[in-house]
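Notes follow once the structure below has been shown.
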Amino acid sequence: MALPECATTGEKVWYVVFRVICAAIFLFLIGPLLIIIPLSFNAEPYFTFTPEMLSFDPAGYSLRWYEDFFTSDSWQAAVKNSVIVAIASTLLATVLGTIAALGLSSRYMPYKDVIMAILISPMIVPLIISAAAMFFFFSRFQLTQTYVGVILAHTALGIPFVVITVTATLSGFDHSLTRASASLGANPVQTFFKVVLPLVTPGVISGALFAFITSFDEVVVVLFIAGPEQTTLPIQMWSGIREEISPTILAAATLLVVLSVALLTTLEFLRRRSARMRGIEE
């Protein structure tokens, strides 16, 4: 927002200082990415910029690490596991989280605050505690070192994001629409699919994308629950750092950054669409 012409000197100074502070914070947050991305194109097996790279010599750049990523059996197996687990856990988290949010939006729902606190507790409790608790609980049912166990663990971590986003969308929902639908002869199922769901779809999709990102980037829980056959992409990167340092990790990290940016851009688009649907101008 531009300053008005009648702004005082102090307001003008704060206007400039505020933007400098924001730029510094943005640079601090984005700085590591500005280093990782170009290093992933290094022609040499180093984690530093070579003289050829600093002089922008084409010989100093290569796609060899991306080629290694896409041709390595271990990396591709990790990607496959991540995609399977992320999609399955996202579907479960989306369905369960949406149902929970719809229940919490009802004015007749008792103990809303307690139930909401329980549902979002995986976001608050440190991951190491959640992971240890899941390990001891799942081990009783022989779900450790199984795909089912990993999917259920990621589902538990993704549900809070779905609950929060769908609940936020329902906060502006006009419940008179459901009463109007019932008065026109629609049953609860028809009302949900034809009235409620189309209006909360942006929130549902946003929650699903958050759950997908959470699952795709999770490390701690997988270290406790998964076995060698359930190695995901973040675990493969973790193992690579500990056992064999290779710039292939930088290529994988760059691809994850691109995926995250694409998903977050989609989230912002959906947020703006949801705001327009609720009559909120930005």
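Ligands are numbered from 1 in the order shown, residues from 1 within each chain, and chains are lettered A, B, ... in the order they appear in the structure tokens.
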Which residues are near Phe49 in chain A? Cut-off 9 Å, only C-alpha atoms, ignore same chain within fewer than 6 positions. Put them as a ChimeraX atom specification. /A:38-39,42
Might you pull out every residue within 9 Å of Thr214 in chain A, with only C-alpha atoms counted and same-chain residues fewer than 5 positions away left off, and present them as a list in words? Ala86, His154, Leu157, Gly158 and Leu209 of chain A
Using only C-alpha atoms: which of A:Ser89, A:Met109, A:Pro126, A:Gly185 has the shortest distance to Ile159 in chain A: A:Ser89
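Using only C-alpha atoms for every distance, the candidate list A:Phe56, A:Tyr111, A:Trp65, A:Phe224 yields A:Phe224 as the residue closest to Phe136 in chain A.
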Range 238-243 of chain A: which residues within 10 Å, counting only C-alpha atoms, same-chain residues fewer than 6 positions away excluded, as a PyMOL selection string? chain A and resi 219+223+231-232+249
When you look at Val83 in chain A with a cut-off of 12 Å (counting only C-alpha atoms), what residues show up, excluding the ones that are within fewer than 3 positions of it in the same chain? I need them as a PyMOL selection string. chain A and resi 76-80+86-90+147+151+212-213+215-217+230-234
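Counting only C-alpha atoms, the residue from A:Ile235, A:Leu199, A:Leu270, A:Ala100 that sits nearest to Ile118 in chain A is A:Ala100.
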Just the alpha helix (DSSP H) stuff from range 1-158 of chain A, please, per backbone DSSP, written as a PyMOL selection string. chain A and resi 9-39+51-54+64-71+73-104+112-119+121-124+127-140+147-158
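The space separating CA of Arg273 in chain A from CA of Thr94 in chain A comes to 19.3 Å.
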May I ask which of the residues A:Leu119, A:Ala132, A:Ile37, A:Val148 is the closest one to Ile99 in chain A, counting only C-alpha atoms? A:Leu119
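Using only C-alpha atoms, the nearest neighbour of Leu127 in chain A within the list A:Val221, A:Leu256, A:Val13, A:Leu54 is A:Val221.
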